[in-house]
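Asker: Got a structure for you, my_file.cif, holding mmCIF, C-alpha atoms and all ligand atoms.
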```
data_query
loop_
_atom_site.label_atom_id
_atom_site.label_comp_id
_atom_site.auth_asym_id
_atom_site.auth_seq_id
_atom_site.Cartn_x
_atom_site.Cartn_y
_atom_site.Cartn_z
CA MET A 1 13.91 1.13 13.59
CA LEU A 2 10.33 1.20 12.28
CA GLY A 3 8.06 -0.93 14.45
CA THR A 4 9.46 0.34 17.75
CA PRO A 5 7.73 1.20 19.99
CA HIS A 6 4.81 -1.09 19.24
CA ILE A 7 1.43 0.01 20.61
CA GLN A 8 -0.82 -3.06 20.53
CA LEU A 9 -4.54 -2.39 20.85
CA GLU A 10 -7.60 -4.63 20.91
CA THR A 11 -10.27 -2.70 19.02
CA VAL A 12 -9.93 0.78 17.52
CA ALA A 13 -11.90 2.81 15.02
CA SER A 14 -8.89 2.96 12.68
CA THR A 15 -5.19 2.46 13.42
CA ASN A 16 -4.47 5.40 11.07
CA SER A 17 -6.74 7.69 13.11
CA GLU A 18 -5.16 6.37 16.30
CA ALA A 19 -1.71 7.14 14.81
CA LYS A 20 -2.81 10.71 14.15
CA ASP A 21 -3.82 11.08 17.82
CA ARG A 22 -0.44 9.70 18.87
CA ILE A 23 1.36 12.18 16.58
CA ARG A 24 -0.54 14.95 18.37
CA ALA A 25 0.91 13.51 21.61
CA HIS A 26 4.45 13.54 20.05
CA ALA A 27 4.86 9.82 19.39
CA ALA A 28 8.37 8.89 18.26
CA GLU A 29 9.22 8.16 14.64
CA GLY A 30 8.91 4.45 13.92
CA THR A 31 6.02 3.93 16.35
CA VAL A 32 3.62 1.32 15.02
CA ILE A 33 0.02 0.97 16.17
CA THR A 34 -1.67 -2.39 15.63
CA ALA A 35 -5.14 -3.60 16.48
CA ARG A 36 -6.94 -6.93 16.42
CA HIS A 37 -10.01 -5.27 14.93
CA GLN A 38 -11.07 -1.93 13.46
CA THR A 39 -14.63 -0.66 13.69
CA ALA A 40 -14.15 2.14 11.14
CA GLY A 41 -11.18 1.01 9.05
CA ARG A 42 -10.48 3.37 6.18
CA GLY A 43 -9.37 2.63 2.63
CA ARG A 44 -8.15 4.83 -0.19
CA LEU A 45 -10.51 7.30 -1.84
CA ASP A 46 -12.73 7.50 1.27
CA ARG A 47 -13.71 3.84 1.12
CA GLN A 48 -14.31 1.54 4.08
CA TRP A 49 -11.86 -1.22 5.01
CA LEU A 50 -13.72 -3.99 6.79
CA ASP A 51 -12.18 -6.76 8.89
CA ASP A 52 -13.18 -9.60 11.17
CA PRO A 53 -11.25 -9.73 14.48
CA ASP A 54 -7.84 -11.47 14.43
CA GLN A 55 -7.84 -12.17 10.69
CA SER A 56 -5.60 -9.37 9.43
CA LEU A 57 -2.47 -7.49 10.23
CA LEU A 58 -3.77 -3.95 10.79
CA ALA A 59 -0.83 -1.62 11.30
CA SER A 60 -0.03 2.09 11.07
CA TYR A 61 3.55 3.36 11.16
CA ILE A 62 4.41 6.94 12.13
CA LEU A 63 7.12 8.71 10.12
CA TYR A 64 8.59 12.20 10.25
CA PRO A 65 10.50 12.21 6.93
CA GLU A 66 13.45 14.53 6.53
CA ARG A 67 13.12 14.60 2.75
CA ASP A 68 11.11 17.30 0.98
CA ALA A 69 7.40 16.61 0.51
CA GLU A 70 7.97 16.46 -3.28
CA ASP A 71 9.53 13.01 -2.70
CA TRP A 72 6.68 11.67 -0.59
CA GLY A 73 4.94 10.22 -3.65
CA GLY A 74 7.51 7.43 -3.37
CA LEU A 75 6.25 6.34 0.06
CA PRO A 76 3.18 4.37 -1.15
CA LEU A 77 5.50 2.53 -3.57
CA LEU A 78 8.02 1.94 -0.78
CA SER A 79 5.27 0.52 1.42
CA GLY A 80 4.03 -1.86 -1.27
CA LEU A 81 7.56 -3.05 -1.93
CA ALA A 82 8.20 -3.64 1.78
CA VAL A 83 4.96 -5.65 2.05
CA LYS A 84 5.94 -7.75 -0.98
CA ARG A 85 9.38 -8.47 0.48
CA ALA A 86 7.87 -9.37 3.85
CA ILE A 87 5.28 -11.70 2.29
CA ASP A 88 7.99 -13.29 0.13
CA ARG A 89 9.60 -14.54 3.37
CA PHE A 90 6.48 -16.67 4.07
CA LEU A 91 4.90 -17.58 0.73
CA THR A 92 6.30 -19.09 -2.44
CA ARG A 93 3.53 -17.44 -4.50
CA ASP A 94 4.39 -14.64 -6.93
CA VAL A 95 3.44 -11.39 -5.20
CA ARG A 96 2.99 -8.47 -7.63
CA LEU A 97 2.47 -4.75 -7.15
CA LYS A 98 -0.06 -2.45 -8.81
CA TRP A 99 0.29 1.34 -8.77
CA PRO A 100 0.07 3.05 -6.40
CA ASN A 101 0.10 0.52 -3.59
CA ASP A 102 -1.89 -2.65 -4.15
CA VAL A 103 -0.28 -5.98 -3.35
CA LEU A 104 -1.72 -8.82 -5.42
CA ILE A 105 -1.42 -12.54 -6.00
CA ASP A 106 -2.86 -13.68 -9.33
CA GLY A 107 -4.67 -10.33 -9.54
CA LYS A 108 -6.34 -10.87 -6.15
CA LYS A 109 -5.82 -8.29 -3.43
CA LEU A 110 -3.72 -9.44 -0.48
CA CYS A 111 -3.08 -6.08 1.11
CA GLY A 112 -4.32 -2.51 1.06
CA ILE A 113 -2.21 0.50 1.96
CA LEU A 114 -3.44 3.94 2.97
CA VAL A 115 -0.70 6.57 3.18
CA GLU A 116 -1.78 9.79 4.87
CA SER A 117 0.33 12.86 5.45
CA GLY A 118 0.01 16.30 6.93
CA ARG A 119 1.43 18.81 9.36
CA MET A 120 0.84 19.34 13.02
CA GLY A 121 2.37 22.65 14.06
CA ASP A 122 5.94 22.53 12.77
CA THR A 123 5.93 18.77 12.34
CA ALA A 124 5.39 17.16 8.95
CA TYR A 125 4.22 13.58 9.32
CA VAL A 126 3.35 10.53 7.25
CA ILE A 127 1.27 7.56 8.36
CA LEU A 128 1.73 4.27 6.53
CA GLY A 129 -1.50 2.33 7.13
CA ILE A 130 -1.18 -1.29 6.08
CA GLY A 131 -3.85 -4.00 6.13
CA ILE A 132 -2.66 -7.50 5.18
CA ASN A 133 -5.15 -10.35 4.81
CA VAL A 134 -3.47 -13.07 6.84
CA ARG A 135 -5.86 -15.73 8.14
CA GLN A 136 -9.18 -15.27 6.31
CA ARG A 137 -10.73 -18.49 5.00
CA ALA A 138 -13.42 -16.67 3.04
CA PHE A 139 -14.48 -13.11 2.21
CA PRO A 140 -17.86 -11.46 1.73
CA GLY A 141 -18.91 -11.08 -1.91
CA GLY A 142 -19.19 -7.82 -3.81
CA LEU A 143 -15.75 -6.41 -3.06
CA ARG A 144 -14.27 -4.12 -5.71
CA THR A 145 -11.19 -6.26 -6.30
CA GLU A 146 -11.36 -9.99 -5.57
CA PRO A 147 -9.50 -10.51 -2.26
CA THR A 148 -7.21 -13.27 -1.08
CA SER A 149 -5.33 -14.04 2.14
CA MET A 150 -2.02 -15.61 3.05
CA TYR A 151 -4.00 -18.57 4.40
CA LEU A 152 -5.92 -19.04 1.16
CA GLU A 153 -2.67 -18.95 -0.82
CA SER A 154 -0.79 -21.41 1.38
CA GLY A 155 -3.09 -23.27 3.78
CA VAL A 156 -1.00 -21.91 6.66
CA PRO A 157 -2.63 -19.78 9.42
CA PHE A 158 0.34 -17.44 9.95
CA GLU A 159 0.68 -15.35 13.11
CA THR A 160 0.14 -11.66 12.46
CA GLY A 161 3.01 -10.89 14.89
CA ASP A 162 5.47 -12.76 12.66
CA ILE A 163 4.30 -10.84 9.60
CA LEU A 164 4.62 -7.57 11.52
CA ALA A 165 8.23 -8.36 12.49
CA ALA A 166 9.15 -9.13 8.87
CA LEU A 167 7.33 -6.03 7.62
CA SER A 168 9.02 -3.74 10.15
CA GLY A 169 12.41 -5.09 9.08
CA GLU A 170 11.75 -4.54 5.37
CA LEU A 171 10.26 -1.08 5.95
CA THR A 172 13.22 -0.05 8.08
CA MET A 173 15.70 -1.02 5.36
CA LEU A 174 13.79 0.67 2.56
CA TYR A 175 13.01 3.79 4.57
CA GLU A 176 16.69 4.26 5.49
CA GLN A 177 17.62 3.98 1.80
CA TRP A 178 14.82 6.36 0.85
CA GLN A 179 15.85 8.95 3.45
CA ARG A 180 19.38 8.82 2.01
CA ASP A 181 18.76 8.54 -1.75
CA GLY A 182 15.10 9.49 -2.27
CA ASN A 183 12.73 7.82 -4.71
CA ALA A 184 15.64 6.54 -6.82
CA ALA A 185 16.21 4.03 -3.99
CA VAL A 186 12.72 2.56 -4.45
CA ILE A 187 11.34 3.02 -7.96
CA PRO A 188 13.67 0.69 -9.93
CA SER A 189 12.90 -2.22 -7.56
CA TRP A 190 9.19 -1.37 -7.59
CA LYS A 191 9.19 -1.57 -11.40
CA THR A 192 10.62 -5.08 -11.35
CA ALA A 193 7.74 -6.17 -9.08
CA THR A 194 4.85 -4.97 -11.26
CA ASP A 195 3.21 -6.43 -14.36
CA MET A 196 1.61 -3.14 -15.35
CA LEU A 197 4.50 -1.44 -17.19
CA PRO A 198 3.54 -1.31 -19.94
CA SER A 199 -0.11 -2.30 -19.98
CA SER A 200 -3.51 -1.06 -21.07
CA ILE A 201 -5.36 0.37 -18.09
CA ARG A 202 -8.71 1.70 -17.07
CA LEU A 203 -8.23 4.81 -14.96
CA GLU A 204 -11.06 5.96 -12.73
CA GLN A 205 -10.83 9.42 -11.19
CA GLY A 206 -14.10 10.46 -9.56
CA ASP A 207 -16.78 10.20 -12.26
CA GLU A 208 -14.26 10.13 -15.09
CA ILE A 209 -13.17 6.82 -16.62
CA ARG A 210 -10.44 6.72 -19.25
CA MET A 211 -8.73 3.94 -21.16
CA LEU A 212 -4.99 4.60 -21.34
CA ARG A 213 -1.65 2.92 -21.52
CA ALA A 214 0.55 2.86 -18.40
CA VAL A 215 4.14 3.27 -19.54
CA ASP A 216 6.28 4.31 -16.57
CA VAL A 217 6.53 5.65 -13.03
CA SER A 218 8.00 9.15 -12.81
CA PRO A 219 10.84 10.11 -10.42
CA SER A 220 8.17 11.61 -8.13
CA GLY A 221 6.23 8.31 -7.97
CA ALA A 222 3.42 9.34 -10.35
CA LEU A 223 2.09 6.91 -12.94
CA VAL A 224 3.03 7.99 -16.46
CA VAL A 225 0.25 7.23 -18.93
CA GLU A 226 -0.18 7.68 -22.66
CA ASN A 227 -3.41 8.25 -24.56
CA ALA A 228 -4.25 6.91 -28.03
CA GLU A 229 -2.56 9.99 -29.58
CA GLY A 230 0.66 9.20 -27.74
CA GLU A 231 0.35 12.20 -25.41
CA ARG A 232 1.82 11.57 -21.97
CA GLU A 233 0.48 12.65 -18.60
CA GLU A 234 1.43 12.04 -14.97
CA ILE A 235 -1.27 10.61 -12.70
CA PHE A 236 -1.07 11.24 -8.96
CA ALA A 237 -4.31 9.66 -7.72
CA GLY A 238 -7.06 7.37 -8.92
CA ASP A 239 -8.10 3.79 -9.34
CA VAL A 240 -6.30 1.74 -11.92
CA SER A 241 -7.25 -1.64 -13.30
CA VAL A 242 -5.15 -3.48 -15.81
CA VAL A 243 -7.10 -4.49 -18.92
CA PRO A 244 -6.28 -7.84 -20.54
CA THR A 245 -4.29 -7.34 -23.77
CA GLU A 246 -6.77 -9.14 -26.04
CA ARG A 247 -8.97 -5.98 -25.86
CA LYS A 248 -7.79 -4.59 -29.22
CA ASP A 249 -10.03 -1.51 -28.97
CA LEU A 250 -7.75 -0.03 -26.29
CA PRO A 251 -4.55 1.95 -26.74
C1 LIG A 301 -7.08 0.43 0.33
O1 LIG A 301 -6.72 -0.54 -0.35
O2 LIG A 301 -8.06 1.10 0.03
C2 LIG A 301 -6.28 0.79 1.55
C3 LIG A 301 -6.71 0.03 2.77
C4 LIG A 301 -5.86 0.35 3.99
C5 LIG A 301 -6.31 -0.38 5.22
C6 LIG A 301 -5.39 -0.21 6.38
S1 LIG A 301 -5.77 -1.28 7.71
C7 LIG A 301 -4.69 -0.42 8.76
C8 LIG A 301 -4.86 1.04 8.46
N1 LIG A 301 -5.96 1.62 9.21
C9 LIG A 301 -6.94 2.03 8.42
O3 LIG A 301 -8.02 2.55 8.81
N2 LIG A 301 -6.65 1.78 7.14
C10 LIG A 301 -5.34 1.18 7.00
#
```
Before anything else, please render the file you have as structure tokens.

Answerer:
Amino acid sequence: MLGTPHIQLETVASTNSEAKDRIRAHAAEGTVITARHQTAGRGRLDRQWLDDPDQSLLASYILYPERDAEDWGGLPLLSGLAVKRAIDRFLTRDVRLKWPNDVLIDGKKLCGILVESGRMGDTAYVILGIGINVRQRAFPGGLRTEPTSMYLESGVPFETGDILAALSGELTMLYEQWQRDGNAAVIPSWKTATDMLPSSIRLEQGDEIRMLRAVDVSPSGALVVENAEGEREEIFAGDVSVVPTERKDLP
């Protein structure tokens, strides 16, 4: 069962970093670390993830997958899908997914997910770091993607503990299926929960920005894109924004 044991902390630098320390101390698979506040929360692509105390669900799950690392590209998708299913238990709003692991309502970001993996000695591990905006009434300006919270979408100040319980249940179900059947257990459902296949996208990888068309997700979890010449490529990392279709200059 993912979510057991539950290590509940007040303030940490980052629950993902804390999870790594716990892996070093042989924490059991399924252990989840939560905190009321992070002082050095981390986002994808070396970005910061800021929070005010008691406003978000900040959780990191420890996994020791039995499947080969070539399948691990499905885990960010699995995490996004589990978050969507958990949120769907509380909100009637349409929650959509964006590759690789953004969870959005009306294009606004409700949740960020940072999946980190590695090896410690003989042990291969994965950390699913999940930050869900639960109770925020407002956000600072200047964020990369406009944010939203469960409160702003519903007017209800949900308890983070209730969201955690729902999330742990959904993750447990999906992870069991994934351990058995691999990415095929996740990708078809993920595709039904995204609006980006197909769509015109702006792909940012370091200093490079390209306009492409997202057409599929590969069996390994990569985003399959097509350029204006119809050549296909698999993308494993980067920032993707969907471009409105009225931009006729794009592929
Ligand atoms: C992103 O969208 O860039 C990913 C953000 C991930 C944030 C979560 S909050 C819990 C966990 N601990 C961290 O330091 N980061 C993740």

Asker: Pick from A:Asp122, A:Asp106, A:Asp51, A:Glu170: nearest to ligand LIG 301 (chain A), with only C-alpha atoms and all ligand atoms counted?

Answerer: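 Smallest separation from ligand LIG 301 (chain A) among the options: A:Asp51.
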
Asker: Would you pick out the contacts of Ser168 (chain A) at 8 Å or less, using all atoms listed in the file, so that residues sharing its chain but fewer than 4 positions from it are not included, and give the list as a list in words?

Answerer: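 Using all atoms listed in the file, the neighbours found are Met1, Leu2, Gly3, Leu164 and Thr172 of chain A.
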
Asker: As a quick test: using only C-alpha atoms and all ligand atoms, which residues lie no more than 7 Å away from ligand LIG 301 (chain A)? Give them as a compact mmCIF listing (two decimals) with C-alpha atoms, in the coordinates of the input.

Answerer:
```txt
# COMPACT_ATOMS: atom_id res chain seq x y z
CA SER A 14 -8.89 2.96 12.68
CA THR A 15 -5.19 2.46 13.42
CA ASN A 16 -4.47 5.40 11.07
CA SER A 17 -6.74 7.69 13.11
CA ALA A 40 -14.15 2.14 11.14
CA GLY A 41 -11.18 1.01 9.05
CA ARG A 42 -10.48 3.37 6.18
CA GLY A 43 -9.37 2.63 2.63
CA ARG A 44 -8.15 4.83 -0.19
CA LEU A 45 -10.51 7.30 -1.84
CA ARG A 47 -13.71 3.84 1.12
CA TRP A 49 -11.86 -1.22 5.01
CA LEU A 58 -3.77 -3.95 10.79
CA ALA A 59 -0.83 -1.62 11.30
CA SER A 60 -0.03 2.09 11.07
CA ASP A 102 -1.89 -2.65 -4.15
CA CYS A 111 -3.08 -6.08 1.11
CA GLY A 112 -4.32 -2.51 1.06
CA ILE A 113 -2.21 0.50 1.96
CA LEU A 114 -3.44 3.94 2.97
CA GLY A 129 -1.50 2.33 7.13
CA ILE A 130 -1.18 -1.29 6.08
CA GLY A 131 -3.85 -4.00 6.13
```

Asker: Which is closest to Ala185 (chain A) among A:Ala27, A:Ile33, A:Ala19, A:Leu75, if we use only C-alpha atoms?

Answerer: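 Looking at the shortest contact to Ala185 (chain A), the residue is A:Leu75.
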
Asker: Leaving out Ser241 (chain A) and any residue of its chain fewer than 3 positions from it, which residues lie within 9 Å of it when counting only C-alpha atoms, given as an mmCIF file with C-alpha atoms, in the coordinates of the input?

Answerer:
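Written file, around_14.cif:
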```cif
data_model
loop_
_atom_site.group_PDB
_atom_site.id
_atom_site.type_symbol
_atom_site.label_atom_id
_atom_site.label_comp_id
_atom_site.auth_asym_id
_atom_site.auth_seq_id
_atom_site.Cartn_x
_atom_site.Cartn_y
_atom_site.Cartn_z
ATOM 1 C CA LYS A 98 -0.060 -2.450 -8.810
ATOM 2 C CA SER A 200 -3.510 -1.060 -21.070
ATOM 3 C CA ILE A 201 -5.360 0.370 -18.090
ATOM 4 C CA ARG A 202 -8.710 1.700 -17.070
ATOM 5 C CA LEU A 203 -8.230 4.810 -14.960
ATOM 6 C CA GLU A 204 -11.060 5.960 -12.730
#
```

Asker: Box time for region 188-194 of chain A: axis-aligned, enclosing all its listed atoms, 8 Å extra on each side; report centre and edge lengths in Å to one decimal, as AutoDock Vina command-line options.

Answerer:
```
--center_x 9.3 --center_y -2.7 --center_z -9.5 --size_x 24.8 --size_y 22.9 --size_z 19.8
```

Asker: For CA of Glu153 (chain A) and CA of Leu197 (chain A), determine how far apart the two atoms are, in Å to one decimal place.

Answerer: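 Atom-to-atom, CA of Glu153 (chain A) to CA of Leu197 (chain A), that is 25.0 Å.
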